[in-house]
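One structure below.
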Amino acid sequence: MKNAYDVVKAPILTEKSYDYIAHRIYTFEVAKTANKIEIAQAVEEIFGVKVASVHTVNKIGKVKRQGRTQGRTAAKKKAYVKLTADSKGIELFDGIAQ
């Protein structure tokens, strides 16, 4: 198994993710090769919580132009992690959502 910190890269803090915190759903940027089981195990290991479900979204990079040349920004993978009802919340997000 991979290192938990290699699977979960960073939390995503947007207005949409703040709305989900009330429903015990937390958003993370994760490794592109990580699957749902690895993401659930990594979040449980890092934050000491119980994960109920994981939903993932692949975001392809946007096309950008610089004069006549064009390229893409980096592609990312995002995970929505829902915690069980008896699990404690993640302190990192709870301080921000208040």
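Letters A, B, ... mark the chains of the structure tokens in the order given; residue numbers begin at 1 per chain; ligand numbers begin at 1, in order shown.
Omitting Phe93 of chain A and its sequence neighbours fewer than 5 positions away, and counting only C-alpha atoms, the residues within 12 Å are Ala10, Pro11, Ile12, Leu13, Thr14, Ser17, Tyr18, Asp19, Tyr20, Ile21, Ala22, Arg24, Ile25, Tyr26, Thr27, Phe28, Phe47, Lys88 and Gln98 of chain A.
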Using only C-alpha atoms, determine which residues lie at most 12 Å from Val30 of chain A, disregarding the query and same-chain residues fewer than 5 positions distant; provide the list as an NGL selection string.
-> :A and (4-12 or 35-36 or 38-40 or 42-43 or 54-59 or 75-81)
Distance atom CA of Lys62 of chain A-atom CA of Lys32 of chain A, one decimal place?
-> 16.4 Å
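We find atom CA of Leu92 of chain A and atom CA of Ala52 of chain A to be spaced 18.8 Å apart.
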Running DSSP on the backbone, which parts of chain A land in strand (DSSP E), as a count of residues only?
-> 35
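You can rank A:Thr33, A:Glu15, A:Arg65, A:Val51 by their closest distance to Lys2 of chain A using only C-alpha atoms, and at the top of that list sits A:Thr33.
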All residues 9 Å or closer to Thr73 of chain A, only C-alpha atoms, same chain fewer than 2 positions away omitted, as a ChimeraX atom specification = /A:60-64,71,75
Atoms to include: N, CA and C atoms. Write the selected residues as an mmCIF file, in the first residue's frame.
```
data_model
loop_
_atom_site.group_PDB
_atom_site.id
_atom_site.type_symbol
_atom_site.label_atom_id
_atom_site.label_comp_id
_atom_site.auth_asym_id
_atom_site.auth_seq_id
_atom_site.Cartn_x
_atom_site.Cartn_y
_atom_site.Cartn_z
ATOM 1 N N ILE A 60 -10.024 17.106 -16.110
ATOM 2 C CA ILE A 60 -9.006 17.231 -17.145
ATOM 3 C C ILE A 60 -8.538 18.674 -17.212
ATOM 4 N N GLY A 61 -7.311 18.870 -17.647
ATOM 5 C CA GLY A 61 -6.736 20.205 -17.684
ATOM 6 C C GLY A 61 -7.389 21.088 -18.731
ATOM 7 N N LYS A 62 -7.447 22.380 -18.451
ATOM 8 C CA LYS A 62 -8.025 23.338 -19.383
ATOM 9 C C LYS A 62 -7.003 23.681 -20.466
ATOM 10 N N VAL A 63 -7.492 23.954 -21.666
ATOM 11 C CA VAL A 63 -6.612 24.359 -22.760
ATOM 12 C C VAL A 63 -6.256 25.830 -22.573
ATOM 13 N N LYS A 64 -4.969 26.126 -22.585
ATOM 14 C CA LYS A 64 -4.480 27.499 -22.430
ATOM 15 C C LYS A 64 -3.632 27.842 -23.656
ATOM 16 N N GLY A 71 -1.372 24.654 -24.863
ATOM 17 C CA GLY A 71 -1.106 23.490 -24.036
ATOM 18 C C GLY A 71 -2.237 23.325 -23.041
ATOM 19 N N ALA A 75 -3.934 17.965 -15.107
ATOM 20 C CA ALA A 75 -5.166 17.274 -14.741
ATOM 21 C C ALA A 75 -5.095 16.915 -13.262
#
```
